[in-house]
Every structure is written in structure tokens, then in C-alpha cells.
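Asks: So that you have it, the file is structure_37.cif, and it contains mmCIF, C-alpha atoms and all ligand atoms:
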```cif
data_entry
#
loop_
_atom_site.label_atom_id
_atom_site.label_comp_id
_atom_site.auth_asym_id
_atom_site.auth_seq_id
_atom_site.Cartn_x
_atom_site.Cartn_y
_atom_site.Cartn_z
CA MET C 291 0.00 0.00 0.00
CA ALA C 292 1.26 3.51 -0.85
CA LYS C 293 2.66 5.40 2.16
CA VAL C 294 0.68 8.47 3.24
CA THR C 295 2.90 11.52 2.67
CA GLY C 296 2.72 15.23 1.94
CA LEU C 297 -0.92 16.03 2.95
CA ASP C 298 -1.67 16.30 -0.79
CA GLY C 299 -5.21 17.62 -1.34
CA ILE C 300 -5.96 17.92 2.42
CA VAL C 301 -7.72 21.16 3.39
CA ALA C 302 -6.15 22.48 6.62
CA ALA C 303 -8.18 25.70 7.04
CA ASP C 304 -10.73 28.03 5.51
CA THR C 305 -9.11 31.33 4.59
CA ASP C 306 -10.23 34.76 3.38
CA ILE C 307 -6.66 35.76 2.51
CA SER C 308 -5.90 34.27 -0.93
CA LEU C 309 -7.08 31.93 -3.66
CA VAL C 310 -4.50 29.95 -5.68
CA ASP C 311 -6.13 28.31 -8.72
CA GLY C 312 -3.57 26.43 -10.80
CA THR C 313 -6.11 25.33 -13.42
CA GLN C 314 -7.34 28.79 -14.29
CA GLY C 315 -4.04 30.54 -13.52
CA HIS C 316 -5.68 32.72 -10.86
CA LEU C 317 -4.09 34.30 -7.81
CA VAL C 318 -6.48 36.44 -5.76
CA TYR C 319 -5.62 38.43 -2.62
CA ARG C 320 -8.73 39.35 -0.59
CA GLY C 321 -10.92 39.79 -3.66
CA PHE C 322 -8.31 41.51 -5.88
CA TRP C 323 -6.18 40.02 -8.66
CA ALA C 324 -2.65 39.83 -7.24
CA LYS C 325 -1.24 40.83 -10.64
CA ASP C 326 -3.25 44.08 -10.63
CA LEU C 327 -2.14 44.85 -7.09
CA ALA C 328 1.50 44.27 -8.07
CA VAL C 329 1.31 46.68 -10.97
CA GLN C 330 -0.86 49.41 -9.42
CA TYR C 331 -0.10 49.46 -5.69
CA GLU C 332 2.79 49.84 -3.24
CA TYR C 333 4.11 47.25 -0.78
CA GLU C 334 2.57 49.11 2.17
CA GLU C 335 -0.93 49.18 0.63
CA VAL C 336 -0.97 45.47 -0.20
CA ALA C 337 0.48 44.55 3.19
CA TYR C 338 -2.36 46.54 4.78
CA LEU C 339 -4.88 44.77 2.55
CA LEU C 340 -3.65 41.29 3.47
CA CYS C 341 -3.60 41.98 7.23
CA ASN C 342 -6.80 44.08 7.41
CA GLY C 343 -9.00 42.69 4.62
CA VAL C 344 -9.48 46.03 2.82
CA LEU C 345 -7.26 48.44 0.91
CA PRO C 346 -6.34 51.46 3.04
CA ASP C 347 -7.71 54.93 2.39
CA GLN C 348 -5.14 57.73 2.27
CA ALA C 349 -5.15 58.40 6.02
CA GLN C 350 -4.92 54.69 6.87
CA ASN C 351 -2.08 54.26 4.39
CA GLN C 352 -0.16 57.19 5.88
CA GLN C 353 -0.61 55.87 9.40
CA PHE C 354 0.37 52.30 8.40
CA THR C 355 3.44 53.56 6.52
CA LYS C 356 4.43 55.69 9.54
CA ASN C 357 4.04 52.70 11.86
CA LEU C 358 6.23 50.57 9.57
CA THR C 359 8.86 53.33 9.31
CA GLU C 360 9.00 53.77 13.09
CA SER C 361 9.40 50.02 13.63
CA ARG C 362 12.48 49.49 11.41
CA GLN C 363 15.19 50.11 13.99
CA LEU C 364 17.00 47.15 15.53
CA PRO C 365 17.12 46.91 19.33
CA GLU C 366 20.71 47.06 20.68
CA ALA C 367 20.48 43.50 22.03
CA LEU C 368 19.55 42.24 18.58
CA LYS C 369 22.50 44.09 17.03
CA ARG C 370 24.80 42.41 19.55
CA LEU C 371 23.36 39.02 18.60
CA LEU C 372 23.85 39.73 14.90
CA ASP C 373 27.46 40.72 15.61
CA ILE C 374 28.34 37.46 17.36
CA ILE C 375 26.57 34.85 15.21
CA PRO C 376 29.37 32.98 13.40
CA ARG C 377 30.12 34.53 9.99
CA GLU C 378 29.57 31.25 8.18
CA MET C 379 25.88 31.02 9.18
CA PRO C 380 23.75 31.76 6.07
CA ILE C 381 21.42 34.77 6.32
CA MET C 382 18.27 32.60 6.51
CA GLY C 383 19.59 30.90 9.66
CA VAL C 384 20.48 34.31 11.10
CA LEU C 385 16.96 35.59 10.35
CA GLN C 386 15.38 32.58 12.02
CA THR C 387 17.49 33.10 15.15
CA ALA C 388 16.99 36.88 15.24
CA ILE C 389 13.20 36.67 14.91
CA ALA C 390 13.02 33.97 17.61
CA MET C 391 14.88 36.39 19.89
CA LEU C 392 11.95 38.84 19.72
CA SER C 393 9.80 36.39 21.75
CA GLY C 394 8.45 37.97 24.94
CA GLY C 395 7.92 41.75 25.28
CA ILE C 396 5.10 42.64 22.89
CA PHE C 397 5.38 39.16 21.36
CA ILE C 398 3.01 37.17 23.51
CA TRP C 399 -0.18 35.30 22.56
CA PRO C 400 -2.45 36.41 20.93
CA PRO C 401 -0.91 37.81 17.71
CA THR C 402 -1.74 41.46 16.99
CA LYS C 403 -1.45 43.85 14.06
CA GLU C 404 1.18 45.78 16.05
CA GLN C 405 3.31 42.62 16.21
CA ALA C 406 2.79 42.04 12.47
CA ILE C 407 4.01 45.57 11.69
CA ARG C 408 7.07 45.17 13.92
CA ILE C 409 8.21 41.91 12.30
CA THR C 410 7.46 43.11 8.75
CA ALA C 411 9.38 46.34 9.37
CA ILE C 412 12.39 44.86 11.11
CA LEU C 413 13.05 41.91 8.79
CA PRO C 414 14.68 43.90 5.95
CA THR C 415 16.80 45.78 8.49
CA ILE C 416 18.10 42.48 9.88
CA ILE C 417 18.89 41.23 6.35
CA ALA C 418 20.74 44.42 5.40
CA TYR C 419 22.62 44.69 8.73
CA ARG C 420 23.86 41.13 8.53
CA TYR C 421 24.66 41.26 4.80
CA ARG C 422 26.81 44.38 5.16
CA MET C 423 28.46 43.13 8.33
CA GLN C 424 29.29 39.76 6.74
CA ASN C 425 30.84 41.53 3.75
CA GLY C 426 32.95 43.90 5.87
CA LEU C 427 30.84 46.96 4.94
CA SER C 428 29.62 49.66 7.32
CA VAL C 429 26.02 49.28 8.46
CA ILE C 430 23.52 51.72 6.92
CA GLU C 431 20.72 52.97 9.16
CA PRO C 432 17.15 53.02 7.73
CA LYS C 433 16.15 56.29 5.99
CA PRO C 434 12.74 57.39 7.34
CA GLU C 435 11.71 59.31 4.21
CA LEU C 436 11.96 56.18 2.02
CA GLY C 437 9.17 53.65 1.50
CA HIS C 438 9.60 50.02 2.56
CA THR C 439 11.01 48.74 -0.77
CA ALA C 440 13.29 51.70 -1.50
CA ASN C 441 14.61 51.67 2.06
CA PHE C 442 15.49 47.96 1.79
CA LEU C 443 17.62 48.63 -1.31
CA TYR C 444 19.12 51.71 0.32
CA MET C 445 20.15 49.81 3.46
CA LEU C 446 21.80 47.13 1.29
CA THR C 447 23.77 49.47 -0.98
CA GLY C 448 24.01 52.84 0.80
CA GLU C 449 22.73 54.49 -2.40
CA LEU C 450 19.33 55.90 -3.28
CA PRO C 451 17.84 53.27 -5.63
CA LYS C 452 16.58 54.02 -9.15
CA PRO C 453 12.76 54.38 -9.29
CA ALA C 454 12.62 51.64 -11.95
CA HIS C 455 14.39 49.23 -9.60
CA VAL C 456 12.07 50.11 -6.71
CA LYS C 457 9.03 49.52 -8.95
CA ALA C 458 10.31 46.15 -10.16
CA LEU C 459 11.34 44.88 -6.73
CA GLY C 460 8.08 46.20 -5.23
CA ALA C 461 6.05 44.19 -7.76
CA TYR C 462 8.04 41.06 -6.95
CA LEU C 463 7.60 41.59 -3.19
CA ILE C 464 3.84 41.99 -3.61
CA LEU C 465 3.58 38.82 -5.71
CA GLY C 466 5.71 36.94 -3.18
CA MET C 467 3.63 38.02 -0.18
CA GLU C 468 1.09 35.24 -0.22
CA HIS C 469 0.42 31.86 -1.85
CA GLY C 470 -2.19 29.91 0.13
CA MET C 471 -1.34 27.05 2.48
CA ASN C 472 2.29 26.59 1.38
CA ALA C 473 4.78 24.78 3.65
CA SER C 474 6.06 27.83 5.56
CA THR C 475 2.58 29.30 6.08
CA PHE C 476 1.31 25.95 7.32
CA ALA C 477 4.33 25.61 9.65
CA SER C 478 3.63 29.05 11.14
CA ARG C 479 -0.06 28.26 11.70
CA VAL C 480 0.80 24.94 13.38
CA VAL C 481 3.16 26.67 15.85
CA LEU C 482 0.68 29.45 16.60
CA SER C 483 -2.15 26.96 17.11
CA THR C 484 -0.44 25.87 20.35
CA GLN C 485 -0.96 29.49 21.57
CA SER C 486 2.73 30.13 21.08
CA ASP C 487 3.72 33.71 20.13
CA MET C 488 3.93 35.30 16.68
CA ALA C 489 7.75 35.63 16.72
CA SER C 490 8.12 31.88 17.37
CA ALA C 491 5.61 31.08 14.61
CA ILE C 492 7.43 33.28 12.08
CA SER C 493 10.80 31.90 13.13
CA ALA C 494 9.42 28.42 12.35
CA ALA C 495 8.12 29.66 9.00
CA ILE C 496 11.60 30.96 8.13
CA GLY C 497 13.00 27.53 8.99
CA ALA C 498 10.58 26.00 6.48
CA MET C 499 11.20 28.70 3.89
CA LYS C 500 14.96 28.17 3.74
CA GLY C 501 14.70 24.60 2.39
CA PRO C 502 15.55 24.24 -1.31
CA LEU C 503 12.14 22.70 -2.07
CA HIS C 504 10.41 25.91 -0.98
CA GLY C 505 12.27 29.23 -0.99
CA GLY C 506 15.31 28.03 -2.94
CA ALA C 507 16.93 30.67 -5.08
CA PRO C 508 16.30 30.80 -8.84
CA THR C 509 20.04 30.68 -9.48
CA GLU C 510 19.69 28.48 -12.58
CA VAL C 511 17.85 31.28 -14.36
CA ILE C 512 20.68 33.68 -13.57
CA ALA C 513 23.18 31.16 -14.94
CA MET C 514 21.14 30.91 -18.16
CA LEU C 515 20.87 34.70 -18.62
CA ASP C 516 24.58 35.07 -17.87
CA ALA C 517 25.42 32.40 -20.43
CA ILE C 518 23.19 34.03 -23.09
CA GLY C 519 24.69 37.43 -22.32
CA SER C 520 23.16 39.45 -25.17
CA LYS C 521 19.97 39.58 -27.25
CA GLU C 522 21.61 38.32 -30.45
CA HIS C 523 22.85 35.19 -28.67
CA ALA C 524 19.40 34.30 -27.31
CA GLU C 525 17.98 32.34 -30.25
CA PRO C 526 21.06 30.24 -31.11
CA TRP C 527 21.71 29.53 -27.40
CA ILE C 528 18.11 28.42 -26.76
CA ARG C 529 17.92 26.36 -29.95
CA GLU C 530 21.14 24.56 -29.11
CA SER C 531 19.89 23.88 -25.62
CA LEU C 532 16.55 22.46 -26.79
CA GLU C 533 18.30 20.39 -29.52
CA ARG C 534 20.35 18.78 -26.71
CA GLY C 535 17.09 18.00 -24.84
CA ASP C 536 17.91 20.38 -21.97
CA ARG C 537 15.20 22.11 -19.97
CA LEU C 538 15.05 25.89 -20.03
CA MET C 539 15.20 27.13 -16.48
CA GLY C 540 12.32 29.38 -15.44
CA PHE C 541 9.84 27.82 -17.88
CA GLY C 542 7.03 25.32 -17.23
CA HIS C 543 5.13 24.73 -13.97
CA ARG C 544 3.57 21.74 -12.21
CA ILE C 545 0.58 23.52 -10.65
CA TYR C 546 -0.20 26.24 -13.16
CA LYS C 547 -1.62 24.43 -16.19
CA THR C 548 -1.84 27.76 -17.93
CA LYS C 549 0.21 30.97 -17.61
CA ASP C 550 1.57 31.57 -14.09
CA PRO C 551 -0.23 34.80 -13.04
CA ARG C 552 2.78 35.94 -11.01
CA ALA C 553 5.06 35.63 -14.04
CA GLU C 554 2.48 37.47 -16.18
CA ALA C 555 2.46 40.40 -13.78
CA LEU C 556 6.22 40.49 -13.45
CA ARG C 557 6.57 40.34 -17.25
CA GLU C 558 4.30 43.37 -17.52
CA VAL C 559 6.43 45.26 -15.02
CA THR C 560 9.69 44.16 -16.66
CA GLU C 561 8.38 45.09 -20.12
CA ALA C 562 7.36 48.53 -18.90
CA LEU C 563 10.85 49.03 -17.52
CA SER C 564 12.86 47.63 -20.42
CA GLY C 565 14.86 50.44 -21.95
CA ASN C 566 15.82 51.51 -18.42
CA ASP C 567 18.23 48.68 -17.92
CA PRO C 568 19.96 46.20 -20.25
CA TRP C 569 19.00 43.30 -17.95
CA PHE C 570 15.29 44.06 -18.24
CA ASP C 571 15.74 44.24 -22.04
CA LEU C 572 17.55 40.92 -22.15
CA ALA C 573 14.99 39.19 -19.89
CA VAL C 574 12.03 40.36 -22.00
CA HIS C 575 13.78 39.26 -25.19
CA VAL C 576 14.82 35.85 -23.81
CA GLU C 577 11.28 35.16 -22.55
CA LYS C 578 9.67 35.93 -25.92
CA THR C 579 12.26 33.88 -27.80
CA ALA C 580 12.02 30.94 -25.39
CA VAL C 581 8.21 30.76 -25.48
CA ARG C 582 8.31 30.81 -29.31
CA LEU C 583 10.98 28.09 -29.48
CA LEU C 584 9.35 25.95 -26.77
CA ALA C 585 6.14 25.95 -28.84
CA GLU C 586 8.23 24.79 -31.83
CA TYR C 587 10.24 22.09 -30.01
CA LYS C 588 7.56 21.00 -27.49
CA PRO C 589 4.25 21.51 -29.32
CA GLY C 590 1.11 21.13 -27.22
CA ARG C 591 2.96 21.26 -23.85
CA HIS C 592 1.90 24.90 -23.13
CA LEU C 593 5.25 25.98 -21.66
CA TYR C 594 5.44 29.57 -20.43
CA ALA C 595 7.73 31.54 -18.14
CA ASN C 596 7.17 30.78 -14.47
CA VAL C 597 7.56 33.17 -11.54
CA GLU C 598 11.19 32.12 -11.06
CA PHE C 599 12.17 33.47 -14.48
CA PHE C 600 11.08 37.05 -13.85
CA ALA C 601 11.96 37.01 -10.15
CA ALA C 602 15.51 36.07 -11.12
CA SER C 603 15.57 38.60 -13.94
CA ILE C 604 14.44 41.42 -11.66
CA MET C 605 16.84 40.49 -8.87
CA ARG C 606 19.68 40.30 -11.41
CA ALA C 607 18.73 43.65 -12.94
CA ILE C 608 18.78 45.38 -9.57
CA ALA C 609 22.09 43.63 -8.78
CA LEU C 610 20.91 41.75 -5.69
CA PRO C 611 23.55 39.15 -4.81
CA THR C 612 22.27 35.57 -5.13
CA GLU C 613 22.65 34.96 -1.39
CA LEU C 614 19.92 37.59 -0.84
CA PHE C 615 17.28 35.97 -3.10
CA THR C 616 15.68 33.76 -0.43
CA PRO C 617 15.94 36.42 2.32
CA THR C 618 14.24 38.88 -0.06
CA PHE C 619 11.47 36.34 -0.74
CA THR C 620 11.14 36.09 3.07
CA ALA C 621 10.81 39.89 3.38
CA ALA C 622 7.84 39.52 1.03
CA ARG C 623 6.21 36.39 2.50
CA VAL C 624 6.34 37.70 6.10
CA VAL C 625 3.17 39.65 5.25
CA GLY C 626 1.27 36.52 4.23
CA TRP C 627 2.47 34.69 7.36
CA SER C 628 1.30 37.59 9.55
CA ALA C 629 -2.13 37.66 7.91
CA HIS C 630 -2.48 33.89 8.37
CA LEU C 631 -1.47 34.08 12.02
CA LEU C 632 -4.04 36.80 12.72
CA GLU C 633 -6.65 34.63 10.97
CA GLN C 634 -5.53 31.47 12.82
CA ALA C 635 -5.96 33.19 16.20
CA GLU C 636 -9.57 34.09 15.36
CA VAL C 637 -10.61 30.46 14.96
CA ASN C 638 -7.83 28.76 16.85
CA ARG C 639 -7.88 25.06 17.56
CA ILE C 640 -4.59 23.19 18.01
CA PHE C 641 -3.50 21.27 14.88
CA ARG C 642 -3.36 17.59 15.73
CA PRO C 643 -3.51 15.32 12.67
CA GLN C 644 -3.29 11.57 13.05
CA SER C 645 -0.80 9.02 11.82
CA VAL C 646 -1.35 5.43 10.79
CA TYR C 647 0.88 3.02 12.69
CA THR C 648 2.60 0.70 10.21
CA GLY C 649 5.20 -0.83 12.57
CA PRO C 650 5.10 -4.22 14.22
CA MET C 651 2.89 -5.04 17.27
CA PRO C 652 4.41 -6.41 20.46
CA GLY C 653 4.66 -10.23 20.28
N1 LIG N 1 12.21 23.34 -20.92
C1 LIG N 1 12.05 22.44 -21.92
N2 LIG N 1 11.10 21.48 -21.90
C2 LIG N 1 10.30 21.43 -20.83
C3 LIG N 1 10.40 22.35 -19.77
C4 LIG N 1 11.40 23.32 -19.84
N3 LIG N 1 11.56 24.20 -18.87
N4 LIG N 1 9.47 22.05 -18.83
C5 LIG N 1 8.79 20.99 -19.31
N5 LIG N 1 9.29 20.61 -20.50
C6 LIG N 1 8.83 19.54 -21.35
C7 LIG N 1 9.34 18.20 -20.82
O1 LIG N 1 10.57 17.86 -21.42
C8 LIG N 1 8.21 17.28 -21.28
O2 LIG N 1 8.41 17.03 -22.65
P1 LIG N 1 8.06 15.55 -23.28
O3 LIG N 1 6.57 15.43 -23.16
O4 LIG N 1 8.58 15.64 -24.67
O5 LIG N 1 8.78 14.56 -22.42
C9 LIG N 1 6.96 18.14 -21.14
O6 LIG N 1 7.40 19.48 -21.26
C10 LIG N 1 6.25 17.97 -19.77
O7 LIG N 1 7.24 18.02 -18.75
P2 LIG N 1 7.00 17.50 -17.25
O8 LIG N 1 8.33 17.24 -16.61
O9 LIG N 1 5.98 16.41 -17.22
O10 LIG N 1 6.33 18.76 -16.59
P3 LIG N 1 6.14 18.94 -15.04
O11 LIG N 1 4.86 19.65 -14.87
O12 LIG N 1 6.31 17.69 -14.30
O13 LIG N 1 7.38 19.85 -14.66
C11 LIG N 1 8.69 21.67 -14.02
C12 LIG N 1 7.27 21.12 -14.14
C13 LIG N 1 9.52 20.77 -13.08
C14 LIG N 1 8.63 23.06 -13.40
C15 LIG N 1 9.32 21.73 -15.42
O14 LIG N 1 8.56 22.54 -16.27
C16 LIG N 1 10.79 22.19 -15.38
O15 LIG N 1 11.67 21.37 -15.16
N6 LIG N 1 11.03 23.52 -15.54
C17 LIG N 1 12.37 24.04 -15.48
C18 LIG N 1 12.78 24.28 -14.03
C19 LIG N 1 12.05 25.45 -13.39
O16 LIG N 1 11.89 26.52 -13.99
N7 LIG N 1 11.63 25.30 -12.10
C20 LIG N 1 10.92 26.34 -11.37
C21 LIG N 1 9.45 26.06 -11.32
S1 LIG N 1 8.50 27.42 -10.61
C22 LIG N 1 8.53 27.21 -8.96
O17 LIG N 1 8.92 26.19 -8.47
C23 LIG N 1 8.07 28.32 -8.05
#
```
As C-alpha cells, please, write out the structure in this file.
Ligand code: ACO

Replies:
Amino acid sequence: MAKVTGLDGIVAADTDISLVDGTQGHLVYRGFWAKDLAVQYEYEEVAYLLCNGVLPDQAQNQQFTKNLTESRQLPEALKRLLDIIPREMPIMGVLQTAIAMLSGGIFIWPPTKEQAIRITAILPTIIAYRYRMQNGLSVIEPKPELGHTANFLYMLTGELPKPAHVKALGAYLILGMEHGMNASTFASRVVLSTQSDMASAISAAIGAMKGPLHGGAPTEVIAMLDAIGSKEHAEPWIRESLERGDRLMGFGHRIYKTKDPRAEALREVTEALSGNDPWFDLAVHVEKTAVRLLAEYKPGRHLYANVEFFAASIMRAIALPTELFTPTFTAARVVGWSAHLLEQAEVNRIFRPQSVYTGPMPG
């Protein structure tokens, strides 16, 4: 008999937060198409929507943005921790440890919107602090006049980012915020269901996120774009690759039987920005060429760009080092985790599935 694994098809909760429909290619956040939100709204507005259920009006948006801005600073004790964690620990492990350290203080059961704002605000600061420290660079303090996305890039580089880069990264962060009952979201809800605190639940989610089967970096796409190098090399490179029977990285998807809505939205953003940056230009050109050649070499398979292709393209265009891909995905997904934890607390019952004993009985 087949072993029971993976909870495939099991419904673990009702949720008002998002709908993921792989057959239709739909991703809905609280009644809005995620792709529209990514193109038309800012990180702060969509974060507010996911945690509160409605888009903010102007006053609510200003207040929410102010709350996020005022919550970015690291406590001194946390800085000391970040300074002593061994240099070889990858940033995801550092993030997991640092967030767990917030437990206590305001982080007690039940989860609150204030806690959600604090964790969402502080996470990029932790990433930037640790990244610069690890690379022997001076730490850059948050800049209060910058929005969440621009400030993240500023703290990493020490330079005011280009508006086109902020727009592209912002769209990626919005599309990465939420994706139903994925492994890290489920992990966070399980921890919270014991009436543990939000910091512990998010620390557990980060532990789940860092595994290569979940938040793994789209490094293969970067390798492909690096190897192609220029628009004129795209067609011969892709043809040669498909002739050899290789798979094109960043194309095809198991769940989405049609176009991946996240990739569609990111393509729109990338297309709008091409001309601003040679990497956006190259990504748009490679995607068009690859889809055309995949239809020629793999007719009837309906192979399109997946979210990894444009996520990698955007992160490459804005020169984010590969080691920051999964932490950046985490800075996006923390919003979805927070919304799920607030929802879990409203209907809380401890998660306690069963197992089927398949071992021997005592003689
Ligand atoms: N390049 C070339 N051919 C492909 C590709 C691709 N990227 N993806 C699928 N195919 C072909 C397969 O060779 C196969 O052809 P065949 O019928 O002649 O044998 C056919 O399309 C169906 O392929 P499957 O492996 O059955 O498709 P499946 O749904 O199982 O795979 C997967 C999905 C793993 C994502 C696949 O498309 C792939 O390997 N893509 C490249 C890797 C990638 O981009 N991964 C990131 C996915 S997005 C995410 O995880 C968030």
C-alpha cells in the first residue's frame, strides 16, 4: 500500500486571505487580482490589505506607513546578537534566530497587528545589517523618508535606488507576499495553534522557507541569462539547448496548467521598464524567444515563463547578490504569514492530525 505523505489535497483551514487556482491561472488576494495589485499598488498598501482585509484609504495608508517606518530600527540586544553569530551562518539561519529572539515583550499570545508591523518592518533591516556586516561593509541605518522597498535597497547598498528598480522589486515583493497554504505558512499556523507567540511562529516559517524545495533561489535562471549574455545570442543559445534536450530554467510549472499569473504580472512590469536597464531588455527578449521556441520544439505542452524566471531577472537587474534571493522572498512572505497568524488566532484550535501506525505489534 502507498505510504501516506505530503498532505496532498488535504484542506487544513478556511481562509479569506488568498485563492490559488492552478487550473485557471488565478491568484487572488482578498478579492483583488494579485497581478493588478502588483502593478498598481505599493508594498505598504498590499500589506495593509492582506492583514486588514481592505485596501487602506489615504489616512490609513499614511498611518500604516508611519508605523512601519517607526518600527524598522533594531534593538541594541539584537544588534549584539547579529554581531556574534558565526560569519559562516547563512542569512536565513540568522533571520530565524533573530526573529526567535523577539519572543516575549510585545510578542506574547495572541498575535496582533502591532506585532505584524514590527516583524514586517524589522526583517529587511536584519537582512541588510547582517549582509553588510558579513561583507565587511559599514552598516547603513534606515532612511525614514523612504518607503519600505526603497529603504530595503538603500540599506543594502548605501545608495538611493533608481525608481525603476524600486518599482520592479516592489512588484516582486507583492507577488511573493502570499500563496495559500504553502509549507512555511502551514508551519507558522501549526506553531501558533499551540498558543505560542507570533515571533516563534514566524521563526518556524523561516526555517521551512529556507529549504531548497520551498524558498530556494532561482540561481539556474541567472546562470542561463549570464550564459546568453546578449539579445543576439538568445535564439542560437536556446535552440542549441533544446536540440540537446535540456530544460530551459524558469519555464514550465507543475501547478499552473496555464500561464503563471505571477510571471504574467512580473513580465508586464519588466516590459514597462525595459529600456531603463539592459537586464530588463535581455529578460524580456529571452522570454519571448524561449516561449516561441518551446512551442516549436515541445508543441502542445503549453510551456510559459514561471515566476522564477522574472523574479531572477528582476533580482539580477537590480544587482541583488544571489545569497539575498531567499531572504528577499522572506521579506515579502512575512506579510502573508502575519495575515495567516491573525486569521488562525480568530478560529484557533490546536492542529493535531493523526498518523497510521505501520510498525510491528508487540509479540
Ligand atoms: N524546458 C524544456 N522542456 C520542458 C520544460 C522546460 N523548462 N518544462 C517541461 N518541458 C517539457 C518536458 O521535457 C516534457 O516534454 P516531453 O513530453 O517531450 O517529455 C513536457 O514538457 C512535460 O514536462 P513535465 O516534466 O511532465 O512537466 P512537469 O509539470 O512535471 O514539470 C517543471 C514542471 C519541473 C517546473 C518543469 O517545467 C521544469 O523542469 N522547468 C524548469 C525548471 C524550473 O523553472 N523550475 C521552477 C518552477 S517554478 C517554482 O517552483 C516556483

Asks: What's around Thr402 of chain C at 9 Å? Count only C-alpha atoms, leave out sequence neighbours fewer than 4 positions away in its own chain, and write the answer as a list in words.

Replies: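 Those residues are Phe397, Ala406, Ile407, Met488, Ser628, Leu631 and Leu632 of chain C.
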
Asks: Using all atoms listed in the file, determine which residues fall within 8 Å of ligand LIG 1 (chain N), then list them as a JSON list (two decimals) with C-alpha atoms, in the coordinates of the input.

Replies:
```json
[["chain", "number", "residue", "atom", "x", "y", "z"],
["C", 503, "LEU", "CA", 12.14, 22.70, -2.07],
["C", 504, "HIS", "CA", 10.41, 25.91, -0.98],
["C", 508, "PRO", "CA", 16.30, 30.80, -8.84],
["C", 511, "VAL", "CA", 17.85, 31.28, -14.36],
["C", 532, "LEU", "CA", 16.55, 22.46, -26.79],
["C", 535, "GLY", "CA", 17.09, 18.00, -24.84],
["C", 536, "ASP", "CA", 17.91, 20.38, -21.97],
["C", 537, "ARG", "CA", 15.20, 22.11, -19.97],
["C", 538, "LEU", "CA", 15.05, 25.89, -20.03],
["C", 539, "MET", "CA", 15.20, 27.13, -16.48],
["C", 540, "GLY", "CA", 12.32, 29.38, -15.44],
["C", 541, "PHE", "CA", 9.84, 27.82, -17.88],
["C", 542, "GLY", "CA", 7.03, 25.32, -17.23],
["C", 543, "HIS", "CA", 5.13, 24.73, -13.97],
["C", 544, "ARG", "CA", 3.57, 21.74, -12.21],
["C", 545, "ILE", "CA", 0.58, 23.52, -10.65],
["C", 584, "LEU", "CA", 9.35, 25.95, -26.77],
["C", 588, "LYS", "CA", 7.56, 21.00, -27.49],
["C", 591, "ARG", "CA", 2.96, 21.26, -23.85],
["C", 592, "HIS", "CA", 1.90, 24.90, -23.13],
["C", 593, "LEU", "CA", 5.25, 25.98, -21.66],
["C", 595, "ALA", "CA", 7.73, 31.54, -18.14],
["C", 596, "ASN", "CA", 7.17, 30.78, -14.47],
["C", 597, "VAL", "CA", 7.56, 33.17, -11.54],
["C", 598, "GLU", "CA", 11.19, 32.12, -11.06],
["C", 599, "PHE", "CA", 12.17, 33.47, -14.48]]
```

Asks: Taking 2 positions as the minimum chain separation for residues in the same chain, which residues sit within 7 Å of segment 604-610 of chain C when counting only C-alpha atoms? Answer as a ChimeraX atom specification.

Replies: /C:455,458-459,569-570,600-602,612,614

Asks: Using all atoms listed in the file, can you tell me which of C:Val344, C:Thr618, C:Ala495, C:Thr648 comes closest to Leu443 of chain C?

Replies: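 Of all the options, C:Thr618 lies closest to Leu443 of chain C.
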
Asks: What separation in Å, quoted to one decimal, exists between atom CA of Glu613 of chain C and atom CA of Ile416 of chain C?

Replies: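 Separating atom CA of Glu613 of chain C from atom CA of Ile416 of chain C is a distance of 14.3 Å.
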
Asks: Check the smallest atom-to-atom distance from each of C:Pro589, C:Gly649, C:Gly315, C:Gly460 to Glu332 of chain C using all atoms listed in the file, then report the winner.

Replies: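 Closest candidate: C:Gly460.
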
Asks: Which is closest to Ala498 of chain C among C:Thr560, C:Asn441, C:Thr620, C:Ser531, if we use all atoms listed in the file?

Replies: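 Closest residue, counting all atoms listed in the file: C:Thr620.
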
Asks: Out of C:Ala555, C:Val384, C:Leu583, C:Ala621, which residue has the shortest atom-to-atom distance to Val329 of chain C when counting only C-alpha atoms?

Replies: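 For Val329 of chain C, the nearest of the candidates is C:Ala555.
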
Asks: So the first atom is atom CA of Met445 of chain C and the second is atom CA of Gly497 of chain C; what is the distance between them in Å, to one decimal place?

Replies: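 That distance, rounded to one decimal, is 24.0 Å.
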
Asks: Report, in Å with one decimal, the straight-line distance from atom CA of Leu556 of chain C to atom CA of Glu510 of chain C.

Replies: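 Here the two named atoms are 18.1 Å from each other.
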
Asks: Point out the residue among C:Arg623, C:Ser520, C:Thr509, C:Pro617 with the least atom-to-atom distance to Tyr333 of chain C, counting only C-alpha atoms.

Replies: C:Arg623

Asks: For Glu360 of chain C, list every protein, DNA or RNA residue within 12 Å, evaluated using only C-alpha atoms, and leave out those in the same chain fewer than 4 positions away; present the list as a list in words.

Replies: Gln353, Phe354, Thr355, Lys356, Leu364, Glu404, Ile407, Arg408, Ile409, Thr410, Ala411, Ile412, Pro432, Lys433, Pro434, Glu435, Leu436, Gly437 and His438 of chain C

Asks: Give me, as JSON lines, each residue of segment 395-467 of chain C that comes within 9 Å of segment 368-374 of chain C, together with its shortest interatomic pair and the distance in Å at one decimal, counting only C-alpha atoms, with rows ordered by chain and rising residue number.

Replies:
```
{"residue": "C:Ile416", "atom": "CA", "partner": "C:Leu372", "partner_atom": "CA", "distance": 8.1}
{"residue": "C:Tyr419", "atom": "CA", "partner": "C:Leu372", "partner_atom": "CA", "distance": 8.0}
{"residue": "C:Arg420", "atom": "CA", "partner": "C:Leu372", "partner_atom": "CA", "distance": 6.5}
{"residue": "C:Met423", "atom": "CA", "partner": "C:Asp373", "partner_atom": "CA", "distance": 7.7}
```

Asks: Tell me which of C:Ser393, C:Gln314, C:Ser474, C:Gln348 sits closest to Lys547 of chain C, counting only C-alpha atoms.

Replies: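 Looking at the shortest contact to Lys547 of chain C, the residue is C:Gln314.
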